[in-house]
Every structure is written in C-alpha cells, then in structure tokens.
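**Student:** Quick one: this structure, given as structure tokens, is what I'll be asking you about.
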Amino acid sequence: MAVIRDVMPAFELFQPASIEDAQAVLDRYGSGAWVLAGGLDSFDWLKDRIKRPQALVDLAGIPELKGIRPWQDGIEIGAMTTLTEVVRHPVVRERYGILLEAAEAAASPQIRNQGTIGGNVSQDTRCWYYRAGWSCYRAGGNICYADTPEAINREHAILGADRCVAVSPSDTAPALIVLDAQMVVRTAGGGELTIAAEDYFIGPATDITRMTILQPGDLLTAIRLPGSWGGARFYFEKVRDRAVWDFALVSVASAMVMNGTTIERMRLAVNGVAARPLRLEAVEEITRGRPRNEATAMVAANLAIEGAQPLKFNAYKVPLMRNLVKRAIRGVEEGTWTS
Amino acid sequence: MDVLTWARDPWDQPILSHVSWDLLWASLFAGVAFLIAHASYMVLSAHRKRHAAETDAMEAERPLLPPRIVRHSLAARLFHWVMAASMLTLLITAFLPIVGVRFAWVTWHWMAGIVLTGSILFHVIHATVWLDFWSIWVGPRDLPELKAEVLRELGHDVPGPKPGKYPLGNRLYHLAIVAAGLSVVATGLFMMVRVRTPFFTRNPYLFSDGTWGLTYVLHGMAGVALVGLVIAHVYFAVRPEKWWITKSMILGWITRRQYLEHHDPDRWDVARSDRSSRSDGSDRSDRSGRSDVPVRA
C-alpha cells in the first residue's frame with residue numbers, strides 16, 4: 001500500500017471540557033468521530049493515513065476522566081489516568097500489585113507517561129497486515145492476510161481465531177480481568193453501562209472489526225476495581241522479544257486466594273494468544289480446592305492449551321502459554337521450563 | 001445507496017469485496033412493500049377457485065376420489081421444514097450481526113449451510129426419483145395458464161387451464177428460490193474454504209482476489225434476495241385463503257373439495273400419480289374403494 005507517513009489527514013479537532021460535551025460531538029459525528037486518549041495508538045493510524053476520521057475528540061481536557069479515587073471497598077480509575085499514575089498510586093501498589101506490574105510492563109517510561117489506562121485497554125490490534133491498511137476482514141474486507149500459507153504470523157493467535165487471527169496487545173487487560181474490574185461506559189444514548197472486564201473485550205466471532213464492545217458514540221469513562229481480589233496472591237508475567245518497549249508474545253495474570261497450602265479460589269487470564277484477553281475459567285475451576293504444587297500446575301497448564309491451533313510460525317506459543325500458566329499457579333521458584 | 005463494496009488488494013488495485021449491506025434494507029423494504037401492496041390488492045381481488053356448482057358436478061363425476069388427497073409425502077414435508085429451519089438460521093446468523101446484534105455467528109452459519117446443502121441434495125434426488133419432477137417447474141407451456149390466471153384475477157370468468165399440482169405462484173416462487181438458493185449454497189461452500197471447519201483445509205488462495213470478490217458478491221446478493229423471498233413466502237403461508245396449502249405442508253393432505261376447487265384434475269391426475277408412486281414401491285395408498293385412505297400424489 002502507498003503509505004504517506006507523518007502528515008495527518010485533515011479533521012476537525014474537538015477538545016471538550018466535560019463528558020457531556022464529548023458525547024455531544026461523538027453523537028454528531030457517529031462513526032466519523034475518533035476518540036483520542038494518549039494518542040499512542042491513534043497517531044500511528046492517522047499519520048499512516050489509514051484511518052481518516054472527520055472529527056477527533058481529544059479527552060485530555062476532561063478532569064472527571066482523570067485520577068484514582070475510592071469506590072466502595074475498592075478504587076475507581078479514570079480512563080484518562082496515565083499508566084505512570086496507576087503505577088505510582090499507593091493503593092494500587094498496596095492492594096492491586098498485579099495491575100502495577102502489568103502497567104509497568106507496558107512499553108517504555110515515556111509511553112507510560114503519555115499512555116492512559118483507558119487507551120491501553122481500548123487500543124487496536126497490532127497485526128501488521130491490518131495496520132498496513134490492507135483490506136483484511138478486520139478492515140471490512142474478506143480475507144485474513146496473516147492466515148495464509150506464506151503469512152508471517154509469529155505474533156498471532158493460537159486460540160479463538162475466527163477468520164481473523166490478530167491478538168489483543170493490551171498489557172493491563174489480563175490483570176484487570178483477574179481483579180474482576182468493572183468497565184464504566186457512557187453509551188451513545190446517554191446511559192451508563194458497567195461491564196465486567198472480561199466482557200469488555202470481544203473476539204472476531206462476535207464482531208470482526210472491533211476489539212471491544214465500544215460502539216461509535218460510546219465512551220469508556222472509568223475502571224472500577226472491587227475489593228474482592230485486593231491483596232490476593234498475584235502473579236504477572238509478560239514474555240516479549242525485548243525487555244522494554246515491546247508487545248507481549250504471551251502474558252499471564254493470576255490472582256489466588258489460599259487456604260493454607262490449598263487454592264481456595266483463583267482467577268487467571270492470558271493475553272497475546274487470542275483476539276481478546278482470555279479468562280481461563282476451566283483452569284480456575286480445576287484448581288479450586290487443590291494444593292498449590294507442580295502436579296496441580298501441570299494439570300491446569302495442559303487444560304489451558306486445549307484447542308490451541310497454531311499457525312505456521314507461532315507454534316512456540318503453545319508451550320509458552322502452558323509454561324506461563326504453570327508458573328502462574330505454582331510460582332517460579334519450584335520448577336523449570338518444559339517444552 | 002451503494003450496491004457493491006470495493007476494497008484494495010496488496011497491489012493497491014481495486015477489488016470487489018462484497019455487496020453493500022444497504023441492499024439488506026432494500027430487500028426488507030421490497031418484501032414489506034410487496035406484502036402491503038398484495039394485501040391491499042387482495043381486498044379487491046376476485047377469488048380464483050372454481051364455482052361451487054361446477055365443483056359439485058366434478059365431485060359427482062369422480063365418486064372414487066377419497067375425501068383426503070395426499071399433496072406432500074412425509075419425506076417432502078420433512079425436507080421442507082428442515083430447509084425452512086436451516087434457511088431461517090442462515091438468515092438470522094447472517095443478518096442480525098449486520099444490524100448490530102452481536103454473537104458468535106460464523107460456526108452456526110456454516111453448520112446451517114451444511115444442513116441446507118444436505119437437504120437440497122436430498123430434495124433433488126427425492127424429486128427426481130420419486131416425485132413428478134416437472135410438476136413444479138414453469139416454462140412456455142404455462143403461458144395459457146398465466147393468461148387465464150391474470151384474467152381471473154381481473155375478475156373475468158375464463159375457461160383457461162387451472163393449475164396442476166402446484167399453483168403458478170408456487171412454481172414461480174420455486175424458480176426464484178432455486179436460483180437464489182443454489183447461488184447462496186454454491187458460493188457458501190467455496191467460502192467455507194476461507195474459514196476453519198473440519199471439512200476443508202483453509203485456503204484463501206483457492207481463487208484470485210477478483211473471483212473471491214465475485215463469490216462474495218453473489219453470496220450477498222442471493223442472501224439479501226432470500227430475505228425478501230422468505231418474507232413473501234411466510235406472508236403467503238399465513239394468508240387465510242392460502243391456509244389450505246400451508247396446512248397440507250403440515251398434515252400432508254388436502255380435501256377432495258380443495259383438490260377440485262383449485263386444481264385441474266387432468267393436469268394433476270391423482271390416480272395416475274398414485275399408480276406411478278406405487279409402482280416404485282414407495283407408497284401403499286389404497287384407492288380401491290376405501291375412501292378414508294389418502295391418495296398419494
């Protein structure tokens with residue numbers, strides 16, 4: 001494709017000072033509007049001239065979308081709160097350490113200073129065929145260029161593929177899922193929806209052109225973390241090609257409540273293996289009431305990869321995911337990697 | 001309103017992608033508009049069935065006709081309802097996501113497509129071997145009937161031919177559904193090569209981009225056409241004056257009176273049909289005098 005970089009197409013820029021003003025603009029432009037958070041996903045699209053919105057709605061000037069505040073027995077994080085602010089917040093550090101680890105694993109310090117948690121969970125996939133502007137399924141076409149005999153698909157999905165094999169790039173998504181986070185969405189009609197984090201993300205079988213449930217006119221305003229998993233035993237690991245500034249090949253997050261040496265309850269999610277972060281409920285169920293040891297971890301890890309269908313170049317993700325799930329359950333100190 | 005959606009291939013050449021989904025709304029509108037127009041027209045339309053006196057006379061001439069005439073065999077009825085269920089599943093799984101109802105539709109869609117394909121194959125074999133294959137088709141030989149039916153609709157009492165087993169409207173609808181159904185099935189089977197199923201190894205390069213574009217366009221065109229056709233079909237099935245036909249697709253038979261009122265006994269000879277069907281061993285109906293036994297046609 002002929003890509004012109006660095007010169008963005010013309011659009012109307014709106015900088016509303018309230019959620020209501022932002023929604024008025026979104027209502028007016030419908031699918032022609034583009035919501036700008038930190039801009040780290042948006043400016044790639046715009047500078048490559050692949051997305052050409054009529055109007056850009058910059059949320060940076062809306063104070064109510066920023067900051068971390070108490071909410072019931074947990075906290076509410078404004079969607080425009082930067083990842084750095086999330087990492088540095090004392091309550092996050094004290095009770096939600098897994099979110100701290102996940103947010104800190106995202107990209108680089110500069111990007112975390114600019115990138116927001118709302119943008120991190122709502123960003124588009126990084127499949128390069130799609131990002132290059134090719135007319136694939138996700139772009140409204142009728143082919144997946146990443147799932148062809150010659151495709152370079154080392155980073156693509158091994159689970160949940162449905163025509164499209166792109167994966168979710170969000171680092172904070174699996175952590176939010178295991179924390180049972182609630183996503184607060186202002187809908188186009190002016191209502192407010194609260195959706196479980198695991199339902200916020202959608203796969204291609206449901207809607208091949210979107211990564212989240214957000215429709216034109218919808219706005220993610222906040223993320224609420226209940227106290228139910230605060231202070232649990234957490235595990236987060238992100239495997240990537242470079243130590244910094246890279247997307248996850250596979251990441252895993254778990255929150256575990258123990259009763260002595262027995263797993264009383266657990267939540268576990270993986271990302272980088274499907275178009276949306278996957279909560280592994282079957283794994284959670286099988287570990288309930290079992291001792292936290294190598295045997296339990298092995299059973300759970302083998303269950304986690306059931307149904308995996310690797311592409312030509314990403315079969316390595318199957319043992320990688322299995323080992324990450326194993327480590328998330330029994331910890332890193334008790335075993336070695338197997339393939 | 002757009003008709004086609006275009007995309008660009010990796011060489012930046014324009015290629016067909018699929019039909020514009022504006023056509024779905026056009027088909028829905030056409031189906032509903034036809035429904036309203038026909039319902040309005042029927043208020044003024046003349047009835048097309050035979051006069052009572054004429055039917056009485058025909059009934060007297062045919063004392064051996066049983067009170068119930070089998071119009072659709074069990075196999076034919078099973079095919080019809082399996083096809084209807086699969087068709088509705090296909091339309092729901094295809095078009096609800098387009099109008100914004102989100103669910104994982106692809107697997108349901110191709111599974112329903114397999115059922116539809118199987119039922120059509122069964123129907124072709126069944127109709128060819130066990131039924132009067134040509135009774136459902138239309139051709140130049142039906143022009144006198146068309147002319148007579150139009151004149152009757154306009155209120156004229158004309159002596160032209162009455163329908164055989166299937167009314168002209170049924171036959172024309174069958175022709176349309178064959179064209180749309182076979183198009184959607186043939187293209188759909190090829191499109192299954194592009195998604196993961198247990199039947200084919202995925203191969204998006206089976207055709208060139210241009211041919212794939214045409215395949216998707218044809219599939220979409222046939223799909224939106226089926227929306228209008230299904231609306232028309234359901235509408236006619238529930239109309240009071242057509243209920244006797246719908247009932248026969250449930251129970252399998254029509255009454256002797258309905259047979260004589262609406263059909264030409266020379267063109268749909270139940271006795272001959274019965275002998276024909278009995279000769280292949282598929283039917284055991286009895287016309288020898290036990291008038292409560294349905295006659296197979």
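The way I read the labels, and the way they are meant: chains A, B, ... in the order of the structure tokens, residue 1 as the first residue of every chain, and ligand 1 as the first ligand shown, with later ones counted on from there.
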Quick one: contact table of chain B to chain A, 7 Å max, nearest atom pair and distance in Å to one decimal per residue, counting only C-alpha atoms, chain and number order, as CSV?

**Tutor:**
```
residue,atom,partner,partner_atom,distance
B:Ala7,CA,A:Ser135,CA,5.9
B:Arg8,CA,A:Ser135,CA,6.0
B:Asp9,CA,A:Ser135,CA,6.6
B:Pro10,CA,A:Met1,CA,6.1
B:Trp11,CA,A:Met1,CA,6.6
B:Asp12,CA,A:Met1,CA,5.7
B:Ser17,CA,A:Gly141,CA,5.7
B:Arg102,CA,A:Thr206,CA,5.4
B:Phe103,CA,A:Thr206,CA,4.6
B:Ala104,CA,A:Ala205,CA,4.4
B:Trp105,CA,A:Ala205,CA,6.4
B:Val106,CA,A:Ala205,CA,6.5
B:Val195,CA,A:Arg163,CA,5.6
B:Pro204,CA,A:Thr148,CA,6.6
```

**Student:** Name all residues at most 10 Å from stretch 111-115 of chain B (count only C-alpha atoms; drop same-chain ones fewer than 4 positions away) and give them as an MDAnalysis selection string.

**Tutor:** chainID B and resid 82:83 85:91 93 106:107 119:121 184:185 188:189 192 197

**Student:** Quick one: residues within 8 Å of A:Gly67, only C-alpha atoms, excluding same-chain residues fewer than 5 positions away - as a list in words?

**Tutor:**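 Non-adjacent residues within range: Ile77, Gly78, Met80, Thr81 and Glu85 of chain A.
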
**Student:** Selection from above, N, CA and C atoms, as a short mmCIF file (atom, residue, chain, number, x, y, z; two decimals), in the first residue's frame, can you write it?

**Tutor:**
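For reference, selection_10.cif as written:
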```cif
data_model
loop_
_atom_site.label_atom_id
_atom_site.label_comp_id
_atom_site.auth_asym_id
_atom_site.auth_seq_id
_atom_site.Cartn_x
_atom_site.Cartn_y
_atom_site.Cartn_z
N ILE A 77 -10.60 4.08 38.72
CA ILE A 77 -9.52 4.72 37.97
C ILE A 77 -10.13 5.39 36.76
N GLY A 78 -9.95 6.70 36.65
CA GLY A 78 -10.46 7.41 35.47
C GLY A 78 -9.78 6.90 34.22
N MET A 80 -8.70 8.30 31.67
CA MET A 80 -7.59 9.10 31.16
C MET A 80 -6.42 9.17 32.13
N THR A 81 -6.45 8.35 33.14
CA THR A 81 -5.30 8.27 34.07
C THR A 81 -4.13 7.60 33.35
N GLU A 85 0.75 7.12 36.41
CA GLU A 85 -0.03 7.46 37.62
C GLU A 85 -0.60 6.19 38.27
#
```

**Student:** Need to verify the contact set: A:Leu179, 12 Å, only C-alpha atoms, exclusion of same-chain residues closer than 4 positions in sequence. Can you return it as a PyMOL selection string?

**Tutor:** chain A and resi 74-75+92+95-100+102+172-175+183+196-198+223-236+253-257+266-269+279

**Student:** What parts of stretch 74-244 of chain B does DSSP call alpha helix (DSSP H)? I'd like the answer as a count of residues only.

**Tutor:** 113

**Student:** Which residues, written as a list in words, have at least one atom at most 10 Å from A:Thr194, with only C-alpha atoms counted and residues fewer than 6 positions away on the same chain left out?

**Tutor:** Ala181, Gln182, Met183, Val184, Val185, Arg186, Tyr200, Leu220, Ala222, Ile223 and Arg224 of chain A

**Student:** Using only C-alpha atoms, determine which residues lie at most 6 Å from A:Arg288, disregarding the query and same-chain residues fewer than 5 positions distant; provide the list as a PyMOL selection string.

**Tutor:** chain A and resi 263-265

**Student:** Do you know which residues are at most 12 Å from B:Gly31 counting only C-alpha atoms, after dropping those on the same chain fewer than 4 positions away, and could you put them as a list in words?

**Tutor:**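 So the residues in contact are Leu23, Leu24, Trp25, Ala26, Ser27, Leu35, Ile36, Ala37, His38, Val224, Ala225, Leu226, Val227, Gly228, Leu229, Val230, Ile231, Ala232, His233, Val234, Tyr235 and Phe236 of chain B.
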
**Student:** Measure the distance from atom CA of A:Val167 to atom CA of A:Ala274 in Å and round it to one decimal.

**Tutor:** 4.9 Å

**Student:** Write down as a PyMOL selection string the residues belonging to stretch 151-272 of chain A that are assigned strand (DSSP E) by DSSP computed on the backbone.

**Tutor:** chain A and resi 182-186+192-196+219-225+233-239+250-259+262-271

**Student:** Quote the spacing between atom CA of B:Ala60 and atom CA of B:Trp268 in Å to one decimal place.

**Tutor:**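 Distance between the two atoms: 17.9 Å.
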